[in-house]
Amino acid sequence: MSTTTDSKIRIQLENFSVTDEIEAMKKVSRNIGGITTFLGTGRELSKGQNIAQLNFEHYPKMAEKKLEEIRQQAIKDHSIIDMSIIHRIGPIEIGENIVLIVAVGEHRKETFTACEWAIAELKRVTPIWKRETTTHGEVWVQDTP
Amino acid sequence: MSTTTDSKIRIQLENFSVTDEIEAMKKVSRNIGGITTFLGTGRELSKGQNIAQLNFEHYPKMAEKKLEEIRQQAIKDHSIIDMSIIHRIGPIEIGENIVLIVAVGEHRKETFTACEWAIAELKRVTPIWKRETTTHGEVWVQDTP
Amino acid sequence: MITVKFFASLKAIAEKEEEQIEVQSSISMDQLSDIISKTSPKMGDIIRDNKIMISVNQEMADADTVIHDGDEVAFLPPFSGGS
Amino acid sequence: MITVKFFASLKAIAEKEEEQIEVQSSISMDQLSDIISKTSPKMGDIIRDNKIMISVNQEMADADTVIHDGDEVAFLPPFSGGS
């Protein structure tokens, strides 16, 4: 199911393994003491509607560029050692992985801050769009919280 | 390497799989949208000393009881759906997993808050002790940050 | 020649994903929306109402950004990635 | 009979992990530290200096906690789990 963990920024159709991504990040330094990860998954309910499926589309190259900018800024501003960001596109079933952010640092505090900042920033600046399939049909989600 | 994921509170000698623990927590609800995990790992450097190995000891039963209390309070106070906490004991090499906290919720915000609170609370109230082996010998770590 | 891209909900409105527009050296964002309006009036309205974001060569742009021959312009509805 | 447990750094100081102490119905924490001091004076000092935490039946206790026959008392140095 999982693909190569070589690149720290990836947008891909395939699922990923959280364990594999964490192990890949551990190789960056022997001085990692804290690893915070955020994993976004497909929820069944959205604004009271039952979701049957999600579908993500992205603007190729621009989306990857924005994720790399987020990674660089997280390392620079939050004193973490490194970060990886993976976002899936295409069809996503309920319960499936959508997005993963892994922040590794010497201590836990900065990895929490960096990880929480990065997912908020991803939602704000990355050209990725979600389409929800409900019993009423398909709709592009337009809200960015 | 990994053991059963049946219990949400575990203290064990064996390593664990982050992916397996997350998948076990996903089964709790179809309405999980955000999963924050904190993974503590063995660092090579501690207060300028090179660490060769770590070794954790716990007070059986009391440590598990405290972890269960943390889990219950996180669910109650932070509006998450569920939480699992695993801590390893025995010898730990540099880069190896020590502790894992998985917080699952409908939205990301509460899972970050709950996960960060839980690891701080774990360090504060759980009878677990760390022994560091350096070139100067073995020493029990006495500081709780 | 500039390349114009439409994403997500805008594909249905523009009734296309991409179009090529012939230009002399450079044009303003207003001139570009006039050209797009001719084949898709609804898309032109959306651009003028500032309801969407625009990128030029994959960097965020605004109404004052000048578009040059060879540029890639994209019309981007509000983002909703991240879970 | 009460069971007394020593953890981490305290095991080397007490020179044991556990001991059984015969008591009449109940004793105070002060009485218990006096008993422990007889075989391990250094351990008695540490208890009286409040440098460590004490649990009774796996719940946190303090100097005022009364210890009953059958209880499990543990002396706990500062915790350092969690990474």
# chains A, B, ... in the order shown; residues from 1 in each chain; ligands from 1
$ residues_around --residues "Glu15 of chain D" --least-positions-apart "4" --cutoff "12 Å" --atoms "only C-alpha atoms" --output "PyMOL selection string"
chain D and resi 5-11+19+36+39-43
$ closest_atom_pairs --of "chain A" --to "chain C" --cutoff "9 Å" --atoms "only C-alpha atoms" --output "tab-separated table"
residue	atom	partner	partner_atom	distance
A:Leu39	CA	C:Ser83	CA	8.4
A:Gly40	CA	C:Ser83	CA	4.8
A:Thr41	CA	C:Ser83	CA	6.0
A:Gly42	CA	C:Ser83	CA	6.7
A:Arg43	CA	C:Ser83	CA	8.5
A:Phe56	CA	C:Gly81	CA	7.3
A:Glu57	CA	C:Ala8	CA	7.0
A:His58	CA	C:Phe7	CA	8.0
A:Tyr59	CA	C:Phe7	CA	7.5
A:Lys61	CA	C:Gln58	CA	7.7
A:Met62	CA	C:Gln58	CA	5.1
A:Ala63	CA	C:Gln58	CA	8.6
A:Lys65	CA	C:Gln58	CA	8.4
A:His87	CA	C:Gly82	CA	7.4
A:Asn97	CA	C:Ser83	CA	8.6
A:Ile98	CA	C:Ser83	CA	5.9
A:Val99	CA	C:Gly82	CA	5.9
A:Leu100	CA	C:Gly82	CA	8.7
A:Ile119	CA	C:Gly82	CA	6.7
A:Ala120	CA	C:Gly82	CA	8.2
A:Leu122	CA	C:Gly82	CA	6.5
A:Lys123	CA	C:Gly82	CA	5.4
A:Arg124	CA	C:Phe79	CA	6.9
A:Val125	CA	C:Phe79	CA	7.4
A:Thr126	CA	C:Phe79	CA	6.8
A:Pro127	CA	C:Phe79	CA	5.7
A:Ile128	CA	C:Gly81	CA	4.7
A:Trp129	CA	C:Ser80	CA	4.7
A:Lys130	CA	C:Ser80	CA	5.4
A:Arg131	CA	C:Ala8	CA	8.1
A:Val139	CA	C:Ser9	CA	8.3
A:Trp140	CA	C:Ser9	CA	6.0
A:Val141	CA	C:Ser80	CA	6.2
A:Gln142	CA	C:Pro78	CA	5.4
A:Asp143	CA	C:Ser80	CA	6.4
A:Thr144	CA	C:Ser80	CA	5.6
A:Pro145	CA	C:Ser80	CA	8.6
$ calpha_fit_and_write --fixed "chain C" --moving "chain D" --output "CSV table (one decimal) with N, CA and C atoms, in the first residue's frame"
chain,number,residue,atom,x,y,z
D,1,MET,N,1.2,33.7,-26.2
D,1,MET,CA,0.2,32.7,-25.7
D,1,MET,C,0.3,32.6,-24.2
D,2,ILE,N,-0.8,32.7,-23.5
D,2,ILE,CA,-0.8,32.4,-22.1
D,2,ILE,C,-1.7,31.2,-21.8
D,3,THR,N,-1.4,30.4,-20.8
D,3,THR,CA,-2.2,29.2,-20.5
D,3,THR,C,-3.1,29.6,-19.3
D,4,VAL,N,-4.4,29.3,-19.4
D,4,VAL,CA,-5.3,29.6,-18.3
D,4,VAL,C,-5.9,28.3,-17.7
D,5,LYS,N,-5.8,28.1,-16.4
D,5,LYS,CA,-6.3,26.8,-15.8
D,5,LYS,C,-7.4,27.1,-14.8
D,6,PHE,N,-8.4,26.2,-14.8
D,6,PHE,CA,-9.5,26.3,-13.9
D,6,PHE,C,-9.5,25.0,-13.0
D,7,PHE,N,-9.8,25.2,-11.7
D,7,PHE,CA,-9.7,24.1,-10.8
D,7,PHE,C,-11.1,23.9,-10.1
D,8,ALA,N,-11.3,22.7,-9.6
D,8,ALA,CA,-12.4,22.3,-8.8
D,8,ALA,C,-13.7,22.8,-9.3
D,9,SER,N,-14.5,23.6,-8.5
D,9,SER,CA,-15.8,24.0,-9.0
D,9,SER,C,-15.8,24.9,-10.2
D,10,LEU,N,-14.6,25.5,-10.5
D,10,LEU,CA,-14.6,26.4,-11.6
D,10,LEU,C,-14.5,25.7,-13.0
D,11,LYS,N,-14.1,24.4,-13.0
D,11,LYS,CA,-14.1,23.7,-14.2
D,11,LYS,C,-15.5,23.6,-14.8
D,12,ALA,N,-16.5,23.3,-13.9
D,12,ALA,CA,-17.9,23.2,-14.4
D,12,ALA,C,-18.4,24.6,-14.9
D,13,ILE,N,-18.0,25.6,-14.2
D,13,ILE,CA,-18.5,27.0,-14.6
D,13,ILE,C,-17.8,27.4,-15.9
D,14,ALA,N,-16.5,27.2,-16.0
D,14,ALA,CA,-15.8,27.6,-17.3
D,14,ALA,C,-16.1,26.6,-18.4
D,15,GLU,N,-16.6,25.4,-18.0
D,15,GLU,CA,-16.8,24.3,-18.9
D,15,GLU,C,-15.6,23.9,-19.6
D,16,LYS,N,-14.5,24.1,-18.9
D,16,LYS,CA,-13.2,23.5,-19.4
D,16,LYS,C,-12.2,23.5,-18.3
D,17,GLU,N,-11.1,22.8,-18.5
D,17,GLU,CA,-10.0,22.8,-17.5
D,17,GLU,C,-8.9,23.8,-17.8
D,18,GLU,N,-8.8,24.1,-19.0
D,18,GLU,CA,-7.6,24.8,-19.5
D,18,GLU,C,-7.9,25.5,-20.8
D,19,GLU,N,-7.4,26.7,-21.0
D,19,GLU,CA,-7.4,27.3,-22.4
D,19,GLU,C,-6.2,28.1,-22.7
D,20,GLN,N,-5.9,28.2,-24.0
D,20,GLN,CA,-4.7,28.9,-24.4
D,20,GLN,C,-5.2,30.2,-25.0
D,21,ILE,N,-4.6,31.3,-24.6
D,21,ILE,CA,-5.1,32.6,-25.1
D,21,ILE,C,-3.9,33.4,-25.7
D,22,GLU,N,-4.1,33.8,-27.0
D,22,GLU,CA,-3.1,34.5,-27.7
D,22,GLU,C,-3.0,36.0,-27.3
D,23,VAL,N,-1.8,36.4,-26.9
D,23,VAL,CA,-1.7,37.8,-26.4
D,23,VAL,C,-0.5,38.5,-27.1
D,24,GLN,N,-0.5,39.8,-27.2
D,24,GLN,CA,0.6,40.6,-27.6
D,24,GLN,C,1.4,40.9,-26.3
D,25,SER,N,2.6,40.6,-26.2
D,25,SER,CA,3.6,40.8,-25.1
D,25,SER,C,2.9,40.7,-23.7
D,26,SER,N,2.1,41.6,-23.3
D,26,SER,CA,1.5,41.5,-21.9
D,26,SER,C,0.1,42.1,-21.9
D,27,ILE,N,-0.7,41.6,-20.9
D,27,ILE,CA,-2.1,42.1,-20.7
D,27,ILE,C,-2.3,42.3,-19.2
D,28,SER,N,-3.3,43.1,-18.8
D,28,SER,CA,-3.7,43.3,-17.4
D,28,SER,C,-4.7,42.2,-17.0
D,29,MET,N,-4.9,42.0,-15.7
D,29,MET,CA,-5.9,41.0,-15.2
D,29,MET,C,-7.3,41.4,-15.7
D,30,ASP,N,-7.6,42.7,-15.8
D,30,ASP,CA,-8.9,43.1,-16.3
D,30,ASP,C,-9.1,42.7,-17.8
D,31,GLN,N,-8.0,42.9,-18.6
D,31,GLN,CA,-8.1,42.5,-20.0
D,31,GLN,C,-8.3,41.0,-20.1
D,32,LEU,N,-7.6,40.3,-19.3
D,32,LEU,CA,-7.7,38.8,-19.3
D,32,LEU,C,-9.2,38.4,-19.0
D,33,SER,N,-9.8,39.0,-17.9
D,33,SER,CA,-11.1,38.6,-17.6
D,33,SER,C,-12.1,39.0,-18.7
D,34,ASP,N,-11.9,40.1,-19.4
D,34,ASP,CA,-12.7,40.5,-20.5
D,34,ASP,C,-12.6,39.4,-21.6
D,35,ILE,N,-11.5,38.9,-21.9
D,35,ILE,CA,-11.3,37.8,-22.9
D,35,ILE,C,-12.0,36.6,-22.5
D,36,ILE,N,-11.9,36.2,-21.2
D,36,ILE,CA,-12.5,35.0,-20.7
D,36,ILE,C,-14.1,35.1,-20.7
D,37,SER,N,-14.5,36.4,-20.4
D,37,SER,CA,-16.0,36.6,-20.4
D,37,SER,C,-16.6,36.4,-21.7
D,38,LYS,N,-15.9,36.6,-22.8
D,38,LYS,CA,-16.5,36.4,-24.1
D,38,LYS,C,-17.0,35.0,-24.3
D,39,THR,N,-16.2,34.0,-23.8
D,39,THR,CA,-16.6,32.6,-24.0
D,39,THR,C,-17.3,32.1,-22.8
D,40,SER,N,-17.1,32.7,-21.6
D,40,SER,CA,-17.8,32.2,-20.4
D,40,SER,C,-18.1,33.4,-19.5
D,41,PRO,N,-19.3,34.1,-19.8
D,41,PRO,CA,-19.7,35.3,-19.0
D,41,PRO,C,-19.7,35.0,-17.5
D,42,LYS,N,-20.2,33.9,-17.1
D,42,LYS,CA,-20.3,33.5,-15.6
D,42,LYS,C,-18.9,33.5,-15.0
D,43,MET,N,-17.9,33.0,-15.7
D,43,MET,CA,-16.6,32.9,-15.2
D,43,MET,C,-16.0,34.3,-15.1
D,44,GLY,N,-16.3,35.2,-16.1
D,44,GLY,CA,-15.8,36.6,-16.0
D,44,GLY,C,-16.4,37.3,-14.8
D,45,ASP,N,-17.7,37.1,-14.5
D,45,ASP,CA,-18.3,37.7,-13.3
D,45,ASP,C,-17.6,37.3,-12.0
D,46,ILE,N,-17.3,36.0,-11.9
D,46,ILE,CA,-16.7,35.5,-10.7
D,46,ILE,C,-15.3,36.1,-10.5
D,47,ILE,N,-14.5,36.2,-11.6
D,47,ILE,CA,-13.2,36.9,-11.5
D,47,ILE,C,-13.3,38.3,-11.0
D,48,ARG,N,-14.3,39.1,-11.6
D,48,ARG,CA,-14.4,40.5,-11.3
D,48,ARG,C,-15.0,40.7,-9.9
D,49,ASP,N,-15.7,39.7,-9.4
D,49,ASP,CA,-16.3,39.8,-8.0
D,49,ASP,C,-15.3,39.4,-6.9
D,50,ASN,N,-14.0,39.1,-7.3
D,50,ASN,CA,-13.0,38.7,-6.3
D,50,ASN,C,-13.4,37.6,-5.4
D,51,LYS,N,-14.2,36.7,-5.9
D,51,LYS,CA,-14.6,35.6,-5.1
D,51,LYS,C,-13.6,34.4,-5.1
D,52,ILE,N,-12.6,34.5,-6.0
D,52,ILE,CA,-11.6,33.5,-6.1
D,52,ILE,C,-10.2,34.0,-6.0
D,53,MET,N,-9.2,33.1,-5.9
D,53,MET,CA,-7.8,33.6,-5.9
D,53,MET,C,-7.2,33.3,-7.3
D,54,ILE,N,-6.2,34.1,-7.6
D,54,ILE,CA,-5.6,33.9,-8.9
D,54,ILE,C,-4.1,33.7,-8.7
D,55,SER,N,-3.5,32.7,-9.4
D,55,SER,CA,-2.1,32.6,-9.4
D,55,SER,C,-1.5,32.8,-10.8
D,56,VAL,N,-0.3,33.4,-10.8
D,56,VAL,CA,0.4,33.5,-12.1
D,56,VAL,C,1.8,32.8,-11.9
D,57,ASN,N,2.0,31.9,-12.8
D,57,ASN,CA,3.2,31.0,-12.7
D,57,ASN,C,3.4,30.4,-11.3
D,58,GLN,N,2.2,30.0,-10.7
D,58,GLN,CA,2.2,29.2,-9.5
D,58,GLN,C,2.5,30.1,-8.2
D,59,GLU,N,2.4,31.4,-8.4
D,59,GLU,CA,2.6,32.3,-7.2
D,59,GLU,C,1.3,33.1,-7.1
D,60,MET,N,0.8,33.4,-5.9
D,60,MET,CA,-0.4,34.1,-5.7
D,60,MET,C,-0.3,35.5,-6.4
D,61,ALA,N,-1.4,35.9,-7.1
D,61,ALA,CA,-1.4,37.2,-7.8
D,61,ALA,C,-2.6,38.0,-7.4
D,62,ASP,N,-2.7,39.2,-7.9
D,62,ASP,CA,-3.9,40.0,-7.6
D,62,ASP,C,-4.3,40.8,-8.8
D,63,ALA,N,-5.3,41.7,-8.7
D,63,ALA,CA,-5.9,42.4,-9.8
D,63,ALA,C,-4.9,43.3,-10.5
D,64,ASP,N,-3.8,43.6,-9.8
D,64,ASP,CA,-2.8,44.5,-10.4
D,64,ASP,C,-1.6,43.7,-11.1
D,65,THR,N,-1.6,42.4,-11.0
D,65,THR,CA,-0.6,41.7,-11.6
D,65,THR,C,-0.7,41.7,-13.1
D,66,VAL,N,0.5,42.0,-13.8
D,66,VAL,CA,0.5,42.0,-15.2
D,66,VAL,C,0.9,40.6,-15.7
D,67,ILE,N,0.2,40.2,-16.8
D,67,ILE,CA,0.4,38.9,-17.3
D,67,ILE,C,1.2,39.0,-18.6
D,68,HIS,N,2.2,38.2,-18.7
D,68,HIS,CA,3.1,38.3,-19.9
D,68,HIS,C,2.9,37.0,-20.7
D,69,ASP,N,3.3,37.2,-22.0
D,69,ASP,CA,3.3,36.1,-22.9
D,69,ASP,C,4.1,34.9,-22.3
D,70,GLY,N,3.5,33.7,-22.3
D,70,GLY,CA,4.2,32.6,-21.8
D,70,GLY,C,3.8,32.2,-20.4
D,71,ASP,N,3.1,33.1,-19.7
D,71,ASP,CA,2.7,32.9,-18.3
D,71,ASP,C,1.6,31.8,-18.2
D,72,GLU,N,1.5,31.2,-17.0
D,72,GLU,CA,0.5,30.3,-16.7
D,72,GLU,C,-0.4,30.9,-15.6
D,73,VAL,N,-1.7,31.2,-15.9
D,73,VAL,CA,-2.6,31.8,-15.0
D,73,VAL,C,-3.6,30.8,-14.5
D,74,ALA,N,-3.8,30.7,-13.2
D,74,ALA,CA,-4.8,29.7,-12.7
D,74,ALA,C,-5.8,30.4,-11.8
D,75,PHE,N,-7.1,30.0,-12.0
D,75,PHE,CA,-8.2,30.5,-11.1
D,75,PHE,C,-8.5,29.5,-10.1
D,76,LEU,N,-8.4,29.9,-8.8
D,76,LEU,CA,-8.4,28.9,-7.7
D,76,LEU,C,-9.6,29.2,-6.7
D,77,PRO,N,-10.6,28.4,-6.7
D,77,PRO,CA,-11.6,28.6,-5.7
D,77,PRO,C,-11.0,28.3,-4.3
D,78,PRO,N,-11.8,28.7,-3.2
D,78,PRO,CA,-11.2,28.6,-1.8
D,78,PRO,C,-10.7,27.1,-1.6
D,79,PHE,N,-9.5,27.0,-1.0
D,79,PHE,CA,-8.9,25.7,-0.8
D,79,PHE,C,-9.7,24.9,0.3
D,80,SER,N,-9.7,23.6,0.1
D,80,SER,CA,-10.3,22.8,1.1
D,80,SER,C,-9.6,21.4,1.4
D,81,GLY,N,-8.3,21.5,1.2
D,81,GLY,CA,-7.5,20.3,1.5
D,81,GLY,C,-7.2,20.2,3.0
D,82,GLY,N,-6.5,19.1,3.4
D,82,GLY,CA,-6.0,19.1,4.8
D,82,GLY,C,-6.8,18.1,5.6
D,83,SER,N,-7.9,17.6,5.2
D,83,SER,CA,-8.8,16.6,5.9
D,83,SER,C,-10.2,17.1,5.8
$ select_by_dssp --residues "segment 1-60 of chain D" --states "helix (DSSP H, G or I)" --output "list in words"
Ser9, Leu10, Lys11, Ala12, Ile13, Ala14, Met29, Asp30, Gln31, Leu32, Ser33, Asp34, Ile35, Ile36, Ser37, Lys38, Thr39, Pro41, Lys42, Met43, Gly44, Asp45, Ile46, Ile47 and Arg48 of chain D
$ interface_residues --of "chain A" --to "chain B" --cutoff "6 Å" --atoms "only C-alpha atoms" --output "list in words"
Val18, Thr19, Arg30, Asn31, Ile32, Gly33, Gly34, Ile35, Thr36, Thr37, Phe38, Leu39, Gly40, Thr41, Gly42, Arg43 and Glu44 of chain A
$ write_last_selection --atoms "all heavy atoms" --output "CSV table (one decimal), in the first residue's frame"
chain,number,residue,atom,x,y,z
A,18,VAL,N,2.2,5.4,8.3
A,18,VAL,CA,2.6,6.4,9.3
A,18,VAL,C,4.0,5.9,9.9
A,18,VAL,O,4.9,6.7,10.0
A,18,VAL,CB,1.6,6.6,10.4
A,18,VAL,CG1,2.1,7.6,11.4
A,18,VAL,CG2,0.3,7.1,9.8
A,19,THR,N,4.0,4.6,10.2
A,19,THR,CA,5.3,4.0,10.8
A,19,THR,C,6.5,4.3,9.8
A,19,THR,O,7.5,4.7,10.2
A,19,THR,CB,5.1,2.5,11.0
A,19,THR,OG1,4.1,2.3,12.0
A,19,THR,CG2,6.4,1.9,11.5
A,30,ARG,N,20.2,11.7,15.1
A,30,ARG,CA,20.2,10.8,16.3
A,30,ARG,C,19.8,11.6,17.5
A,30,ARG,O,19.8,11.0,18.6
A,30,ARG,CB,21.6,10.2,16.5
A,30,ARG,CG,21.9,9.0,15.5
A,30,ARG,CD,23.3,8.5,15.6
A,30,ARG,NE,23.6,7.9,16.9
A,30,ARG,CZ,23.3,6.6,17.3
A,30,ARG,NH1,22.6,5.9,16.5
A,30,ARG,NH2,23.7,6.2,18.5
A,31,ASN,N,19.4,12.8,17.3
A,31,ASN,CA,19.1,13.7,18.5
A,31,ASN,C,17.6,14.0,18.5
A,31,ASN,O,17.3,15.0,19.2
A,31,ASN,CB,20.0,14.9,18.5
A,31,ASN,CG,20.3,15.3,19.9
A,31,ASN,OD1,20.2,14.5,20.8
A,31,ASN,ND2,20.7,16.6,20.0
A,32,ILE,N,16.8,13.2,17.9
A,32,ILE,CA,15.4,13.4,17.9
A,32,ILE,C,14.8,12.8,19.2
A,32,ILE,O,15.0,11.6,19.5
A,32,ILE,CB,14.7,12.7,16.7
A,32,ILE,CG1,15.1,13.4,15.4
A,32,ILE,CG2,13.1,12.8,16.9
A,32,ILE,CD1,14.8,12.7,14.2
A,33,GLY,N,14.1,13.6,20.0
A,33,GLY,CA,13.5,13.2,21.3
A,33,GLY,C,12.0,13.2,21.2
A,33,GLY,O,11.3,12.5,22.0
A,34,GLY,N,11.4,14.0,20.3
A,34,GLY,CA,10.0,14.2,20.2
A,34,GLY,C,9.5,14.2,18.8
A,34,GLY,O,10.1,14.8,17.9
A,35,ILE,N,8.4,13.4,18.5
A,35,ILE,CA,7.9,13.4,17.1
A,35,ILE,C,6.4,13.6,17.3
A,35,ILE,O,5.7,12.8,17.9
A,35,ILE,CB,8.2,12.0,16.4
A,35,ILE,CG1,9.7,11.8,16.4
A,35,ILE,CG2,7.5,12.0,15.1
A,35,ILE,CD1,10.1,10.4,15.8
A,36,THR,N,5.9,14.7,16.7
A,36,THR,CA,4.4,14.9,16.7
A,36,THR,C,3.9,14.7,15.3
A,36,THR,O,4.5,15.3,14.4
A,36,THR,CB,4.1,16.3,17.2
A,36,THR,OG1,4.5,16.5,18.6
A,36,THR,CG2,2.5,16.5,17.2
A,37,THR,N,2.9,13.9,15.2
A,37,THR,CA,2.3,13.7,13.8
A,37,THR,C,0.8,14.1,13.9
A,37,THR,O,0.1,13.9,14.9
A,37,THR,CB,2.4,12.3,13.4
A,37,THR,OG1,1.6,11.5,14.2
A,37,THR,CG2,3.8,11.8,13.4
A,38,PHE,N,0.4,14.7,12.8
A,38,PHE,CA,-1.1,14.9,12.6
A,38,PHE,C,-1.5,14.1,11.4
A,38,PHE,O,-0.9,14.2,10.3
A,38,PHE,CB,-1.4,16.4,12.4
A,38,PHE,CG,-2.9,16.5,12.1
A,38,PHE,CD1,-3.8,16.4,13.2
A,38,PHE,CD2,-3.4,16.7,10.8
A,38,PHE,CE1,-5.2,16.5,12.9
A,38,PHE,CE2,-4.8,16.8,10.6
A,38,PHE,CZ,-5.6,16.7,11.6
A,39,LEU,N,-2.6,13.3,11.6
A,39,LEU,CA,-3.1,12.5,10.5
A,39,LEU,C,-4.6,12.9,10.3
A,39,LEU,O,-5.4,12.8,11.3
A,39,LEU,CB,-3.0,11.0,10.9
A,39,LEU,CG,-3.6,10.0,9.9
A,39,LEU,CD1,-2.9,10.0,8.6
A,39,LEU,CD2,-3.6,8.6,10.5
A,40,GLY,N,-4.9,13.4,9.2
A,40,GLY,CA,-6.3,13.8,8.8
A,40,GLY,C,-6.9,12.6,8.1
A,40,GLY,O,-6.3,12.0,7.3
A,41,THR,N,-8.2,12.2,8.6
A,41,THR,CA,-8.8,11.1,8.0
A,41,THR,C,-10.3,11.4,7.6
A,41,THR,O,-10.8,12.4,8.0
A,41,THR,CB,-8.9,9.9,9.0
A,41,THR,OG1,-9.5,10.4,10.2
A,41,THR,CG2,-7.5,9.4,9.4
A,42,GLY,N,-10.8,10.6,6.7
A,42,GLY,CA,-12.2,10.9,6.2
A,42,GLY,C,-13.3,10.6,7.2
A,42,GLY,O,-13.4,9.5,7.7
A,43,ARG,N,-14.0,11.7,7.5
A,43,ARG,CA,-15.1,11.6,8.5
A,43,ARG,C,-16.4,11.2,7.8
A,43,ARG,O,-16.7,11.7,6.6
A,43,ARG,CB,-15.4,12.9,9.2
A,43,ARG,CG,-14.4,13.3,10.2
A,43,ARG,CD,-14.8,14.6,10.8
A,43,ARG,NE,-16.0,14.6,11.5
A,43,ARG,CZ,-16.8,15.6,11.8
A,43,ARG,NH1,-16.5,16.8,11.4
A,43,ARG,NH2,-18.0,15.4,12.4
A,44,GLU,N,-17.3,10.5,8.4
A,44,GLU,CA,-18.6,10.1,7.8
A,44,GLU,C,-19.5,11.3,7.8
A,44,GLU,O,-20.3,11.4,6.9
A,44,GLU,CB,-19.2,9.0,8.7
A,44,GLU,CG,-20.4,8.4,8.0
A,44,GLU,CD,-20.7,7.0,8.6
A,44,GLU,OE1,-20.8,7.0,9.8
A,44,GLU,OE2,-20.9,6.1,7.8
$ atom_distance --atom1 "atom CA of Asn55 of chain B" --atom2 "atom CA of Glu138 of chain B"
9.6 Å
$ atom_distance --atom1 "atom CA of Met83 of chain B" --atom2 "atom CA of Gln12 of chain B"
17.3 Å
$ residues_around --residues "Gln53 of chain A" --least-positions-apart "2" --cutoff "7 Å" --atoms "only C-alpha atoms" --output "list of chain:residue names"
A:Ile51, A:Asn55, A:Pro91, A:Ile92, A:Glu93, A:Ile94, A:Glu132, A:Thr133
$ residues_around --residues "segment 67-75 of chain A" --least-positions-apart "4" --cutoff "8 Å" --atoms "only C-alpha atoms" --output "count of residues only"
15
$ atom_distance --atom1 "atom CA of Lys66 of chain A" --atom2 "atom CA of Leu54 of chain A"
22.2 Å
$ select_by_dssp --residues "chain D" --states "strand (DSSP E)" --output "list in words"
Ile2, Thr3, Val4, Lys5, Phe6, Glu18, Glu19, Gln20, Ile21, Ser26, Ile27, Met53, Ile54, Ser55, Val56, Glu59, Met60, Ala61, Ile67, His68, Glu72, Val73, Ala74, Phe75 and Leu76 of chain D
$ closest_residue --among "B:His78, B:Gly105, B:Ile86, B:Thr135" --to "Leu13 of chain B" --atoms "only C-alpha atoms"
B:Ile86
